[in-house]
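Student: Pasting in a structure now, in structure tokens, and then I'll have a few things to ask.
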Amino acid sequence: MSDDENHPSVEPSRKRSASALHSGPRKKATSSNPLVLHGRHFGRTVFALCNYPALLTAGILRLEELQDSPIENYPADVRREHRVFLELVDSYPGLLDRLTNGEDEDIIHVGELMGKGASGARGDDTKTLKSAVLEWLVPRGQALIPPLSRNIKSDRGFNHEVTGALLCPAGLDWSNVETKQNLKSGETAVRGDQWPMFLYAGYVYDPEDPWTGLLRSEILIFGFKHVFTSPSSVDREPKATRSGNAYLHGMKSVTKVSLAYIATQVRFSLSSSSVFSRTDTVTDSENFYHSILDLLEDPDESQEVVDLMTWWTRRIFPNSSSSQRCISKNSALSKIREKRAILQERSATGTT
């Protein structure tokens, strides 16, 4: 996505800005180094839409505050921001020491480089998905009628029968003439937290059980493979190729953020909007992204989320984690696990 890029909204003093988990204004960084490369992967898998200089500045300040007040005393949005900050500094060796011992200008510079990587990755993914998504709208061998341009998006969104059906909010009936016209004209405004049909497996929504099929659609799988395991892997067995982003960064499981990121990218590629902007009230992409994350990080939905993430990892990285593979019946490993379970049960009940 070509969105508002990361530029510090603070002077070179450690003055806290507004929430860092929102895109900052546009600024180009000039040099490319490991921090830029790290920012590319971090933005795709840990948090996509944030102002990195503000995130780092606020995080360093908060570390000092937390000596007197626990993080549990802060609002939910601040707790999320601090979690992202900790994941960022923990994922890059020596970064925390560099930030805490360096000057304020160094924090800003590091943030700009990270932001350059994250925004660059979004832009690259947006550009390639814009044309790739057209191959996934109808079954292979069938023609898309009317055809859509690979480079011009004005005929997408609610202006086209196929993309309109995919973007139609769950719970609305795209086949209803009035509904369709209201969506096309904009009379019915669609907020980011009104999730589209393409998020559901088979593009079927069950209002009695809205978790059924959620975030398990074929077009999401195609989008994820395209970005993380290489475009050529979309039509093949799931495997992280040596040139894929997942392989290059040692990614062996699907993260909640990477899933929300792909959902946001696919949604934008289906829309008629040509430029991503957090102030765009038509696509409302930032609200959409945050609403998906809110669900995936909700403790009350943990069981459904665990099942969902296991489902995704098995499809994208089927050989990456033995803990997520079914153990063969009557194998030595299964016997060891059974014996251990029996011993633990006896220990718990105090029997021998």
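Residue numbering restarts at 1 for every chain of the structure tokens, chains are lettered A, B, ... in their displayed order, and ligands are numbered from 1 as they appear.
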Run DSSP on the backbone and give me the residues of range 131-256 of chain A it puts in strand (DSSP E or B), as an NGL selection string.
Tutor: :A and (169 or 196 or 200 or 214)
Student: List the neighbours of Leu259 in chain A out to 10 Å using only C-alpha atoms; skip same-chain residues closer than 2 positions along the sequence, and give me the result as number ranges by chain.
Tutor: A: 44-45, 215, 220-221, 223-224, 254-257, 261-265, 289, 292-293, 296, 309, 312
Student: Rank A:Val305, A:Ile145, A:Leu99, A:Leu270 by their smallest atom-to-atom distance to Leu214 in chain A, using only C-alpha atoms, and report the top residue only.
Tutor: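 Closest candidate: A:Val305.
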Student: As number ranges by chain, please: the residues near His82 in chain A (cut-off 10 Å, only C-alpha atoms, same-chain neighbours under 6 positions excluded).
Tutor: A: 20-21, 55-56, 58-60, 62-63, 71, 74, 76, 88
Student: What lies within 12 Å of Lys127 in chain A using only C-alpha atoms, ignoring chain neighbours under 5 positions off, as a PyMOL selection string?
Tutor: chain A and resi 1-2+120-122+132-133+150-153+226-227+265-266+268-269+274-276
Student: How many Å separate CA of Lys252 in chain A from CA of Arg337 in chain A?
Tutor: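 Calculated distance between CA of Lys252 in chain A and CA of Arg337 in chain A is 24.1 Å.
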Student: Pick the closest to His160 in chain A from A:Val306, A:Asp235, A:Ser271, A:Ile219: which is it, counting only C-alpha atoms?
Tutor: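 Of the candidates, the smallest distance to His160 in chain A is held by A:Ser271.
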Student: Just how far from CA of Asp173 in chain A is CA of Pro210 in chain A, in Å to one decimal?
Tutor: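 A separation of 15.6 Å between them.
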